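Trainee: Got coords-v6.pdb for you, PDB, C-alpha atoms, pLDDT in the B column:
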```
ATOM      1  CA  MET A  84      -4.409   5.551 -67.755  1.00 46.00           C
ATOM      2  CA  GLU A  85      -7.546   4.896 -65.769  1.00 52.00           C
ATOM      3  CA  ALA A  86      -5.785   2.118 -63.841  1.00 55.00           C
ATOM      4  CA  ILE A  87      -2.929   4.466 -62.952  1.00 59.00           C
ATOM      5  CA  GLU A  88      -5.305   7.193 -61.810  1.00 58.00           C
ATOM      6  CA  LEU A  89      -7.299   4.676 -59.761  1.00 51.00           C
ATOM      7  CA  LYS A  90      -4.066   3.472 -58.159  1.00 53.00           C
ATOM      8  CA  LYS A  91      -3.151   7.063 -57.269  1.00 55.00           C
ATOM      9  CA  ILE A  92      -6.603   7.652 -55.775  1.00 56.00           C
ATOM     10  CA  LEU A  93      -6.320   4.485 -53.669  1.00 52.00           C
ATOM     11  CA  GLU A  94      -2.835   5.437 -52.514  1.00 59.00           C
ATOM     12  CA  ALA A  95      -4.043   8.895 -51.529  1.00 59.00           C
ATOM     13  CA  TYR A  96      -6.974   7.335 -49.685  1.00 50.00           C
ATOM     14  CA  ASP A  97      -4.642   4.899 -47.875  1.00 55.00           C
ATOM     15  CA  ASN A  98      -2.347   7.737 -46.859  1.00 58.00           C
ATOM     16  CA  LYS A  99      -5.278   9.780 -45.596  1.00 53.00           C
ATOM     17  CA  LEU A 100      -6.690   6.780 -43.703  1.00 46.00           C
ATOM     18  CA  ASP A 101      -3.291   5.995 -42.204  1.00 55.00           C
ATOM     19  CA  LYS A 102      -2.875   9.611 -41.103  1.00 51.00           C
ATOM     20  CA  THR A 103      -6.367   9.613 -39.580  1.00 50.00           C
ATOM     21  CA  LEU A 104      -5.635   6.401 -37.690  1.00 44.00           C
ATOM     22  CA  ARG A 105      -2.370   7.824 -36.345  1.00 53.00           C
ATOM     23  CA  ILE A 106      -4.129  10.979 -35.185  1.00 41.00           C
ATOM     24  CA  ASN A 107      -6.883   8.958 -33.493  1.00 46.00           C
ATOM     25  CA  LEU A 108      -4.352   6.673 -31.847  1.00 44.00           C
ATOM     26  CA  SER A 109      -2.351   9.637 -30.633  1.00 46.00           C
ATOM     27  CA  SER A 110      -5.506  11.247 -29.252  1.00 42.00           C
ATOM     28  CA  MET A 111      -6.448   8.048 -27.435  1.00 43.00           C
ATOM     29  CA  LYS A 112      -2.984   7.817 -25.898  1.00 49.00           C
ATOM     30  CA  GLU A 113      -3.196  11.451 -24.778  1.00 47.00           C
ATOM     31  CA  LEU A 114      -6.608  10.842 -23.207  1.00 41.00           C
ATOM     32  CA  LYS A 115      -5.361   7.732 -21.377  1.00 53.00           C
ATOM     33  CA  LEU A 116      -2.249   9.597 -20.285  1.00 53.00           C
ATOM     34  CA  GLU A 117      -4.312  12.512 -19.011  1.00 56.00           C
ATOM     35  CA  LYS A 118      -6.627  10.125 -17.144  1.00 61.00           C
ATOM     36  CA  SER A 119      -3.653   8.342 -15.567  1.00 64.00           C
ATOM     37  CA  GLN A 120      -2.099  11.643 -14.544  1.00 68.00           C
ATOM     38  CA  ASN A 121      -5.380  12.778 -12.947  1.00 73.00           C
ATOM     39  CA  ASN A 122      -5.640   9.482 -11.062  1.00 76.00           C
ATOM     40  CA  MET A 123      -2.083   9.882  -9.821  1.00 78.00           C
ATOM     41  CA  LYS A 124      -2.855  13.417  -8.606  1.00 82.00           C
ATOM     42  CA  LYS A 125      -5.846  12.133  -6.645  1.00 83.00           C
ATOM     43  CA  MET A 126      -3.757   9.312  -5.213  1.00 84.00           C
ATOM     44  CA  LEU A 127      -0.989  11.764  -4.286  1.00 86.00           C
ATOM     45  CA  ASN A 128      -3.467  13.998  -2.435  1.00 88.00           C
ATOM     46  CA  TYR A 129      -4.805  10.965  -0.553  1.00 87.00           C
ATOM     47  CA  ARG A 130      -1.306   9.837   0.428  1.00 89.00           C
ATOM     48  CA  ILE A 131      -0.423  13.369   1.585  1.00 92.00           C
ATOM     49  CA  PHE A 132      -3.549  13.259   3.772  1.00 93.00           C
ATOM     50  CA  GLU A 133      -2.281   9.961   5.214  1.00 92.00           C
ATOM     51  CA  VAL A 134       1.119  11.523   5.954  1.00 93.00           C
ATOM     52  CA  VAL A 135      -0.509  14.483   7.736  1.00 95.00           C
ATOM     53  CA  THR A 136      -2.826  12.176   9.719  1.00 94.00           C
ATOM     54  CA  PHE A 137      -0.130   9.750  10.845  1.00 94.00           C
ATOM     55  CA  GLY A 138       2.249  12.624  11.525  1.00 95.00           C
ATOM     56  CA  PHE A 139      -0.372  14.251  13.769  1.00 96.00           C
ATOM     57  CA  LEU A 140      -0.962  10.957  15.615  1.00 95.00           C
ATOM     58  CA  ALA A 141       2.790  10.468  16.036  1.00 95.00           C
ATOM     59  CA  MET A 142       3.102  13.915  17.662  1.00 95.00           C
ATOM     60  CA  ILE A 143       0.167  13.221  19.999  1.00 95.00           C
ATOM     61  CA  LEU A 144       1.651   9.872  21.039  1.00 94.00           C
ATOM     62  CA  GLY A 145       5.077  11.441  21.532  1.00 94.00           C
ATOM     63  CA  GLY A 146       3.518  13.980  23.897  1.00 94.00           C
ATOM     64  CA  TYR A 147       1.541  11.215  25.636  1.00 93.00           C
ATOM     65  CA  ILE A 148       4.727   9.214  26.302  1.00 94.00           C
ATOM     66  CA  ALA A 149       6.517  12.279  27.663  1.00 93.00           C
ATOM     67  CA  ASN A 150       3.600  13.242  29.942  1.00 93.00           C
ATOM     68  CA  ASN A 151       3.348   9.737  31.429  1.00 92.00           C
ATOM     69  CA  TRP A 152       7.065   8.973  31.678  1.00 91.00           C
ATOM     70  CA  GLY A 153       6.777   7.976  35.335  1.00 86.00           C
ATOM     71  CA  GLN A 154       4.189   5.240  34.681  1.00 89.00           C
ATOM     72  CA  THR A 155       5.897   2.250  33.078  1.00 88.00           C
ATOM     73  CA  HIS A 156       2.826   0.486  31.661  1.00 87.00           C
ATOM     74  CA  LEU A 157       1.556   3.654  29.999  1.00 91.00           C
ATOM     75  CA  VAL A 158       4.992   4.478  28.546  1.00 92.00           C
ATOM     76  CA  ILE A 159       5.512   0.952  27.169  1.00 91.00           C
ATOM     77  CA  SER A 160       2.021   0.898  25.649  1.00 91.00           C
ATOM     78  CA  GLY A 161       2.539   4.370  24.193  1.00 93.00           C
ATOM     79  CA  ILE A 162       5.896   3.408  22.655  1.00 94.00           C
ATOM     80  CA  ILE A 163       4.412   0.285  21.023  1.00 92.00           C
ATOM     81  CA  VAL A 164       1.540   2.239  19.465  1.00 93.00           C
ATOM     82  CA  HIS A 165       3.964   5.005  18.482  1.00 95.00           C
ATOM     83  CA  ILE A 166       6.221   2.526  16.647  1.00 93.00           C
ATOM     84  CA  PHE A 167       3.342   1.170  14.558  1.00 92.00           C
ATOM     85  CA  THR A 168       2.220   4.726  13.811  1.00 93.00           C
ATOM     86  CA  LEU A 169       5.732   5.645  12.642  1.00 94.00           C
ATOM     87  CA  VAL A 170       5.876   2.569  10.384  1.00 91.00           C
ATOM     88  CA  ALA A 171       2.576   3.614   8.781  1.00 91.00           C
ATOM     89  CA  LEU A 172       3.875   7.194   8.463  1.00 93.00           C
ATOM     90  CA  ILE A 173       7.113   6.075   6.798  1.00 92.00           C
ATOM     91  CA  GLY A 174       5.130   3.850   4.418  1.00 90.00           C
ATOM     92  CA  SER A 175       2.893   6.759   3.404  1.00 91.00           C
ATOM     93  CA  ILE A 176       5.887   9.072   2.937  1.00 92.00           C
ATOM     94  CA  GLY A 177       7.458   6.442   0.702  1.00 90.00           C
ATOM     95  CA  GLN A 178       4.279   6.383  -1.362  1.00 89.00           C
ATOM     96  CA  VAL A 179       4.359  10.166  -1.790  1.00 90.00           C
ATOM     97  CA  VAL A 180       7.981   9.987  -2.942  1.00 89.00           C
ATOM     98  CA  LEU A 181       7.162   7.138  -5.330  1.00 86.00           C
ATOM     99  CA  LEU A 182       4.195   9.005  -6.814  1.00 85.00           C
ATOM    100  CA  GLN A 183       6.321  12.100  -7.388  1.00 85.00           C
ATOM    101  CA  GLN A 184       8.914   9.981  -9.185  1.00 84.00           C
ATOM    102  CA  ILE A 185       6.437   8.721 -11.782  1.00 78.00           C
ATOM    103  CA  ASP A 186       7.440  10.210 -15.125  1.00 77.00           C
ATOM    104  CA  PHE A 187       4.967   9.472 -17.921  1.00 70.00           C
ATOM    105  CA  SER A 188       7.667  10.060 -20.516  1.00 71.00           C
ATOM    106  CA  LYS A 189       9.553   7.006 -19.283  1.00 73.00           C
ATOM    107  CA  PRO A 190       9.151   3.458 -20.677  1.00 75.00           C
ATOM    108  CA  ILE A 191       5.733   1.965 -20.017  1.00 74.00           C
ATOM    109  CA  VAL A 192       7.127  -0.931 -17.954  1.00 73.00           C
ATOM    110  CA  GLU A 193       8.828   1.470 -15.529  1.00 77.00           C
ATOM    111  CA  ILE A 194       5.661   3.569 -15.208  1.00 76.00           C
ATOM    112  CA  ARG A 195       3.467   0.509 -14.706  1.00 78.00           C
ATOM    113  CA  LYS A 196       5.760  -0.919 -12.035  1.00 81.00           C
ATOM    114  CA  LYS A 197       5.624   2.250  -9.950  1.00 82.00           C
ATOM    115  CA  ILE A 198       1.863   2.585 -10.355  1.00 81.00           C
ATOM    116  CA  GLU A 199       1.290  -1.007  -9.234  1.00 82.00           C
ATOM    117  CA  ARG A 200       3.539  -0.469  -6.226  1.00 86.00           C
ATOM    118  CA  VAL A 201       1.282   2.411  -5.263  1.00 84.00           C
ATOM    119  CA  ASN A 202      -1.841   0.317  -5.828  1.00 84.00           C
ATOM    120  CA  SER A 203      -0.463  -2.501  -3.661  1.00 87.00           C
ATOM    121  CA  HIS A 204       0.052  -0.163  -0.687  1.00 86.00           C
ATOM    122  CA  GLY A 205      -3.019  -1.631   1.040  1.00 86.00           C
ATOM    123  CA  LEU A 206      -1.051  -4.777   1.849  1.00 88.00           C
ATOM    124  CA  LEU A 207       1.200  -2.760   4.191  1.00 87.00           C
ATOM    125  CA  PHE A 208      -1.754  -1.770   6.379  1.00 84.00           C
ATOM    126  CA  VAL A 209      -3.024  -5.350   6.441  1.00 86.00           C
ATOM    127  CA  LYS A 210       0.395  -6.496   7.653  1.00 88.00           C
ATOM    128  CA  LEU A 211       0.430  -3.773  10.313  1.00 87.00           C
ATOM    129  CA  VAL A 212      -2.996  -4.854  11.570  1.00 84.00           C
ATOM    130  CA  PHE A 213      -1.873  -8.482  11.815  1.00 85.00           C
ATOM    131  CA  LEU A 214       1.439  -7.586  13.427  1.00 85.00           C
ATOM    132  CA  SER A 215      -0.214  -5.310  15.974  1.00 84.00           C
ATOM    133  CA  ALA A 216      -2.744  -8.012  16.968  1.00 81.00           C
ATOM    134  CA  PRO A 217      -0.570  -9.366  19.816  1.00 83.00           C
ATOM    135  CA  PHE A 218      -0.260  -5.802  21.100  1.00 85.00           C
ATOM    136  CA  TRP A 219      -3.950  -4.825  20.959  1.00 85.00           C
ATOM    137  CA  TRP A 220      -3.840  -4.257  24.715  1.00 85.00           C
ATOM    138  CA  SER A 221      -1.478  -1.336  24.075  1.00 88.00           C
ATOM    139  CA  TYR A 222      -4.072   0.327  21.858  1.00 90.00           C
ATOM    140  CA  ALA A 223      -6.774  -0.291  24.472  1.00 88.00           C
ATOM    141  CA  ILE A 224      -4.677   1.095  27.325  1.00 89.00           C
ATOM    142  CA  VAL A 225      -3.531   4.181  25.407  1.00 92.00           C
ATOM    143  CA  GLY A 226      -6.917   4.823  23.799  1.00 90.00           C
ATOM    144  CA  LEU A 227      -8.943   4.619  27.030  1.00 90.00           C
ATOM    145  CA  ASP A 228      -6.425   6.682  28.973  1.00 90.00           C
ATOM    146  CA  LEU A 229      -5.971   9.299  26.249  1.00 89.00           C
ATOM    147  CA  ILE A 230      -9.644   9.719  25.372  1.00 87.00           C
ATOM    148  CA  LEU A 231     -11.528   8.854  28.586  1.00 86.00           C
ATOM    149  CA  GLY A 232      -8.815   9.206  31.202  1.00 86.00           C
ATOM    150  CA  VAL A 233      -9.334   5.590  32.335  1.00 86.00           C
ATOM    151  CA  ASP A 234      -6.294   3.454  33.203  1.00 85.00           C
ATOM    152  CA  LEU A 235      -7.336  -0.056  32.129  1.00 84.00           C
ATOM    153  CA  TYR A 236      -4.169  -1.700  33.426  1.00 83.00           C
ATOM    154  CA  ILE A 237      -4.920  -1.168  37.113  1.00 82.00           C
ATOM    155  CA  HIS A 238      -8.187  -3.121  36.685  1.00 80.00           C
ATOM    156  CA  LEU A 239      -6.465  -6.227  35.277  1.00 79.00           C
ATOM    157  CA  GLU A 240      -5.404  -9.179  37.430  1.00 83.00           C
ATOM    158  CA  PRO A 241      -1.610  -9.794  37.482  1.00 82.00           C
ATOM    159  CA  ASP A 242      -1.978 -13.497  36.587  1.00 85.00           C
ATOM    160  CA  PHE A 243      -4.103 -12.603  33.545  1.00 79.00           C
ATOM    161  CA  VAL A 244      -1.515 -10.071  32.369  1.00 80.00           C
ATOM    162  CA  ILE A 245       1.335 -12.594  32.658  1.00 86.00           C
ATOM    163  CA  ARG A 246      -0.574 -15.336  30.792  1.00 85.00           C
ATOM    164  CA  TYR A 247      -1.671 -12.937  28.094  1.00 81.00           C
ATOM    165  CA  LEU A 248       1.797 -11.497  27.531  1.00 81.00           C
ATOM    166  CA  THR A 249       3.362 -14.977  27.410  1.00 87.00           C
ATOM    167  CA  VAL A 250       0.920 -16.314  24.811  1.00 84.00           C
ATOM    168  CA  ASN A 251       1.179 -13.238  22.621  1.00 81.00           C
ATOM    169  CA  PHE A 252       4.974 -13.182  22.854  1.00 83.00           C
ATOM    170  CA  LEU A 253       5.077 -16.766  21.556  1.00 85.00           C
ATOM    171  CA  LEU A 254       2.867 -15.743  18.619  1.00 83.00           C
ATOM    172  CA  ILE A 255       5.204 -13.001  17.395  1.00 84.00           C
ATOM    173  CA  VAL A 256       7.778 -15.190  15.602  1.00 86.00           C
ATOM    174  CA  PRO A 257       5.301 -17.311  13.564  1.00 88.00           C
ATOM    175  CA  LEU A 258       3.245 -14.203  12.831  1.00 87.00           C
ATOM    176  CA  VAL A 259       6.280 -12.329  11.490  1.00 87.00           C
ATOM    177  CA  TRP A 260       7.151 -15.353   9.309  1.00 91.00           C
ATOM    178  CA  VAL A 261       3.637 -15.370   7.825  1.00 87.00           C
ATOM    179  CA  LEU A 262       3.715 -11.623   7.134  1.00 87.00           C
ATOM    180  CA  ILE A 263       7.084 -11.878   5.376  1.00 89.00           C
ATOM    181  CA  LYS A 264       5.608 -14.537   3.095  1.00 90.00           C
ATOM    182  CA  LEU A 265       2.664 -12.292   2.190  1.00 89.00           C
ATOM    183  CA  SER A 266       4.302 -10.829  -0.904  1.00 89.00           C
ATOM    184  CA  TYR A 267       3.690 -10.705  -4.653  1.00 87.00           C
ATOM    185  CA  LYS A 268       6.747 -12.956  -4.984  1.00 88.00           C
ATOM    186  CA  ASN A 269       4.830 -15.769  -3.294  1.00 89.00           C
ATOM    187  CA  LEU A 270       1.529 -15.496  -5.141  1.00 88.00           C
ATOM    188  CA  HIS A 271       2.196 -18.946  -6.601  1.00 86.00           C
ATOM    189  CA  ARG A 272       1.517 -20.320  -3.111  1.00 89.00           C
ATOM    190  CA  LYS A 273      -2.204 -20.924  -2.712  1.00 90.00           C
ATOM    191  CA  TRP A 274      -2.414 -19.931   0.967  1.00 91.00           C
ATOM    192  CA  VAL A 275      -0.630 -16.635   0.244  1.00 90.00           C
ATOM    193  CA  ARG A 276      -2.996 -15.768  -2.594  1.00 89.00           C
ATOM    194  CA  VAL A 277      -6.072 -16.759  -0.553  1.00 89.00           C
ATOM    195  CA  THR A 278      -4.934 -14.797   2.503  1.00 89.00           C
ATOM    196  CA  ILE A 279      -4.143 -11.651   0.537  1.00 89.00           C
ATOM    197  CA  GLY A 280      -7.403 -11.937  -1.389  1.00 87.00           C
ATOM    198  CA  LEU A 281      -9.332 -12.387   1.856  1.00 88.00           C
ATOM    199  CA  PHE A 282      -7.933  -9.370   3.703  1.00 87.00           C
ATOM    200  CA  THR A 283      -7.265  -6.901   0.886  1.00 86.00           C
ATOM    201  CA  SER A 284      -9.279  -5.448  -1.977  1.00 85.00           C
ATOM    202  CA  SER A 285      -9.355  -6.930  -5.468  1.00 86.00           C
ATOM    203  CA  LYS A 286      -7.438  -3.848  -6.650  1.00 85.00           C
ATOM    204  CA  THR A 287      -4.562  -4.647  -4.284  1.00 88.00           C
ATOM    205  CA  LEU A 288      -4.452  -8.276  -5.383  1.00 88.00           C
ATOM    206  CA  LYS A 289      -4.452  -7.300  -9.061  1.00 87.00           C
ATOM    207  CA  ALA A 290      -1.614  -4.838  -8.413  1.00 86.00           C
ATOM    208  CA  LEU A 291       0.433  -7.569  -6.726  1.00 88.00           C
ATOM    209  CA  GLU A 292      -0.241  -9.923  -9.636  1.00 87.00           C
ATOM    210  CA  ALA A 293       0.891  -7.216 -12.053  1.00 84.00           C
ATOM    211  CA  LEU A 294       4.111  -6.674 -10.065  1.00 85.00           C
ATOM    212  CA  HIS A 295       4.782 -10.403 -10.222  1.00 82.00           C
ATOM    213  CA  ASP A 296       4.232 -10.444 -13.995  1.00 81.00           C
ATOM    214  CA  ILE A 297       6.476  -7.391 -14.498  1.00 78.00           C
ATOM    215  CA  GLU A 298       9.264  -8.968 -12.478  1.00 77.00           C
ATOM    216  CA  GLU A 299       8.993 -12.165 -14.517  1.00 73.00           C
ATOM    217  CA  PHE A 300       9.077 -10.082 -17.706  1.00 69.00           C
ATOM    218  CA  GLU A 301      12.231  -8.244 -16.568  1.00 65.00           C
ATOM    219  CA  LYS A 302      14.150 -11.463 -15.871  1.00 63.00           C
TER
END
```
Represent the supplied structure as structure tokens.

Mentor:
Amino acid sequence: MEAIELKKILEAYDNKLDKTLRINLSSMKELKLEKSQNNMKKMLNYRIFEVVTFGFLAMILGGYIANNWGQTHLVISGIIVHIFTLVALIGSIGQVVLLQQIDFSKPIVEIRKKIERVNSHGLLFVKLVFLSAPFWWSYAIVGLDLILGVDLYIHLEPDFVIRYLTVNFLLIVPLVWVLIKLSYKNLHRKWVRVTIGLFTSSKTLKALEALHDIEEFEK
């Protein structure tokens, strides 16, 4: 009789312990979920700020191009800078859309994939910086003229302009090839990993590694 009663006591204790563990686990999941949701809200606000900023710059550059339509060098420089601004704007809009699509009731793999895509957004800006390097003169011309009213182009020697444009034009193709390779799909290549790690934050690199692992898991 005592053995039976002891068994019942132990079973009741096990049930109580199991219930307590389930409650604690559920609470921990809710806390993590709430923390993730708060982080996503902060990220969404930041991305909306990016959209507003790039949208404002795009409007300013559009007006700049229209106001200087008769001056070829200013128009070409303005269009180049405007294109890069629009690419950044589209990228930020895509991030806002992606953040709004995150549903924490969905499978964890789907949620994680979208979150890591958001966290890897920094790579886009690194690529834009590299890709705009051959066109830095456009930024200088537009910036000085827009802010200080100084036309840098008229102070440059024609031979220097031709040599500079030729060299930078030849750099575009290999530069585009390198930027295409800078992807989470190529992290197994040492130079890709080193380059991304050198020019982005550790958070961006970890996000790219996570995307690579998720893709391998889904295969």

Trainee: Selected by the PyMOL selection byres ((chain A and resi 142) around 12) in the shown coordinates: which residues, as a VMD selection string?

Mentor: chain A and resid 135 to 141 143 to 149 161 to 162 164 to 166 168 to 169 172

Trainee: What does the distance between atom CA of A:Ile245 and atom CA of A:Tyr222 come to in Å, to one decimal place?

Mentor: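 Going from atom CA of A:Ile245 over to atom CA of A:Tyr222, I get 17.7 Å.
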
Trainee: Just the number, please: distance in Å from atom CA of A:Ile198 to atom CA of A:Asn121, one decimal.

Mentor: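 About the pair atom CA of A:Ile198 and atom CA of A:Asn121: they are 12.8 Å apart.
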
Trainee: From the options A:Ser160, A:Ser266, A:Gln178, A:Thr155, which residue's atoms come nearest to A:Lys197, counting all atoms listed in the file?

Mentor: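 Once distances to A:Lys197 are computed over all atoms listed in the file, the minimum belongs to A:Gln178.
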
Trainee: From the options A:Leu281, A:Ile163, A:Val275, A:Leu254, which residue's atoms come nearest to A:Trp219, counting all atoms listed in the file?

Mentor: A:Ile163

Trainee: List every protein, DNA or RNA residue that has an atom no more than 7 Å from (1.5, -0.6, -8.4) in the file's coordinate frame, counting all atoms listed in the file, and report them as a list of chain:residue names.

Mentor: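 The answer, in the requested form, is A:Arg195, A:Lys196, A:Lys197, A:Ile198, A:Glu199, A:Arg200, A:Val201, A:Asn202, A:Ser203, A:Ala290, A:Leu294.
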
Trainee: Between A:Pro217, A:Gly205, A:Gly177, A:Gly232, single out the one closest to A:Leu157, counting all atoms listed in the file.

Mentor: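 Of all the options, A:Gly232 lies closest to A:Leu157.
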
Trainee: So the first atom is atom CA of A:Lys189 and the second is atom CA of A:Asn128; what is the distance between them in Å, to one decimal place?

Mentor: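 Computing it gives 22.4 Å between the two atoms.
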
Trainee: Measuring atom to atom with all atoms listed in the file, identify which of A:Arg246, A:His156, A:Lys268, A:His204 is nearest to A:Asp228.

Mentor: A:His156

Trainee: Could you write out as a PyMOL selection string the residues that the PyMOL selection byres ((chain A and resi 210-216) around 10) matches in the shown file?

Mentor: chain A and resi 163-164+167-168+170-171+205-209+217-222+251+254-255+258-259+261-263+265+279+282

Trainee: Of the candidates A:Phe252, A:His295, A:Met123, A:Gly153, which shows the shortest atom-to-atom distance to A:Ile185, using all atoms listed in the file?

Mentor: A:Met123

Trainee: Can I get stretch 284-302 of chain A with N, CA and C atoms filled in, as a PDB file, in the coordinates of the input?

Mentor:
```pdb
ATOM      1  N   SER A 284      -8.316  -5.660  -0.888  1.00 85.00           N
ATOM      2  CA  SER A 284      -9.279  -5.448  -1.977  1.00 85.00           C
ATOM      3  C   SER A 284      -8.800  -6.147  -3.241  1.00 85.00           C
ATOM      4  N   SER A 285      -9.717  -6.314  -4.186  1.00 86.00           N
ATOM      5  CA  SER A 285      -9.355  -6.930  -5.468  1.00 86.00           C
ATOM      6  C   SER A 285      -8.341  -6.075  -6.220  1.00 86.00           C
ATOM      7  N   LYS A 286      -8.387  -4.758  -6.007  1.00 85.00           N
ATOM      8  CA  LYS A 286      -7.438  -3.848  -6.650  1.00 85.00           C
ATOM      9  C   LYS A 286      -6.018  -4.123  -6.158  1.00 85.00           C
ATOM     10  N   THR A 287      -5.879  -4.357  -4.854  1.00 88.00           N
ATOM     11  CA  THR A 287      -4.562  -4.647  -4.284  1.00 88.00           C
ATOM     12  C   THR A 287      -4.016  -5.958  -4.817  1.00 88.00           C
ATOM     13  N   LEU A 288      -4.882  -6.971  -4.886  1.00 88.00           N
ATOM     14  CA  LEU A 288      -4.452  -8.276  -5.383  1.00 88.00           C
ATOM     15  C   LEU A 288      -4.039  -8.199  -6.851  1.00 88.00           C
ATOM     16  N   LYS A 289      -4.795  -7.461  -7.641  1.00 87.00           N
ATOM     17  CA  LYS A 289      -4.452  -7.300  -9.061  1.00 87.00           C
ATOM     18  C   LYS A 289      -3.118  -6.568  -9.219  1.00 87.00           C
ATOM     19  N   ALA A 290      -2.873  -5.583  -8.361  1.00 86.00           N
ATOM     20  CA  ALA A 290      -1.614  -4.838  -8.413  1.00 86.00           C
ATOM     21  C   ALA A 290      -0.441  -5.759  -8.082  1.00 86.00           C
ATOM     22  N   LEU A 291      -0.619  -6.626  -7.099  1.00 88.00           N
ATOM     23  CA  LEU A 291       0.433  -7.569  -6.726  1.00 88.00           C
ATOM     24  C   LEU A 291       0.687  -8.574  -7.853  1.00 88.00           C
ATOM     25  N   GLU A 292      -0.384  -9.015  -8.498  1.00 87.00           N
ATOM     26  CA  GLU A 292      -0.241  -9.923  -9.636  1.00 87.00           C
ATOM     27  C   GLU A 292       0.514  -9.246 -10.776  1.00 87.00           C
ATOM     28  N   ALA A 293       0.210  -7.969 -10.994  1.00 84.00           N
ATOM     29  CA  ALA A 293       0.891  -7.216 -12.053  1.00 84.00           C
ATOM     30  C   ALA A 293       2.380  -7.053 -11.733  1.00 84.00           C
ATOM     31  N   LEU A 294       2.707  -6.794 -10.466  1.00 85.00           N
ATOM     32  CA  LEU A 294       4.111  -6.674 -10.065  1.00 85.00           C
ATOM     33  C   LEU A 294       4.854  -7.988 -10.293  1.00 85.00           C
ATOM     34  N   HIS A 295       4.184  -9.081  -9.998  1.00 82.00           N
ATOM     35  CA  HIS A 295       4.782 -10.403 -10.222  1.00 82.00           C
ATOM     36  C   HIS A 295       5.050 -10.622 -11.707  1.00 82.00           C
ATOM     37  N   ASP A 296       4.075 -10.270 -12.541  1.00 81.00           N
ATOM     38  CA  ASP A 296       4.232 -10.444 -13.995  1.00 81.00           C
ATOM     39  C   ASP A 296       5.347  -9.556 -14.535  1.00 81.00           C
ATOM     40  N   ILE A 297       5.445  -8.326 -14.045  1.00 78.00           N
ATOM     41  CA  ILE A 297       6.476  -7.391 -14.498  1.00 78.00           C
ATOM     42  C   ILE A 297       7.865  -7.916 -14.112  1.00 78.00           C
ATOM     43  N   GLU A 298       7.973  -8.431 -12.904  1.00 77.00           N
ATOM     44  CA  GLU A 298       9.264  -8.968 -12.478  1.00 77.00           C
ATOM     45  C   GLU A 298       9.672 -10.161 -13.328  1.00 77.00           C
ATOM     46  N   GLU A 299       8.703 -11.014 -13.664  1.00 73.00           N
ATOM     47  CA  GLU A 299       8.993 -12.165 -14.517  1.00 73.00           C
ATOM     48  C   GLU A 299       9.409 -11.699 -15.919  1.00 73.00           C
ATOM     49  N   PHE A 300       8.770 -10.632 -16.384  1.00 69.00           N
ATOM     50  CA  PHE A 300       9.077 -10.082 -17.706  1.00 69.00           C
ATOM     51  C   PHE A 300      10.492  -9.507 -17.745  1.00 69.00           C
ATOM     52  N   GLU A 301      10.930  -8.891 -16.622  1.00 65.00           N
ATOM     53  CA  GLU A 301      12.231  -8.244 -16.568  1.00 65.00           C
ATOM     54  C   GLU A 301      13.384  -9.234 -16.429  1.00 65.00           C
ATOM     55  N   LYS A 302      13.101 -10.460 -16.045  1.00 63.00           N
ATOM     56  CA  LYS A 302      14.150 -11.463 -15.871  1.00 63.00           C
ATOM     57  C   LYS A 302      14.749 -11.877 -17.216  1.00 63.00           C
TER      58      LYS A 302
END
```
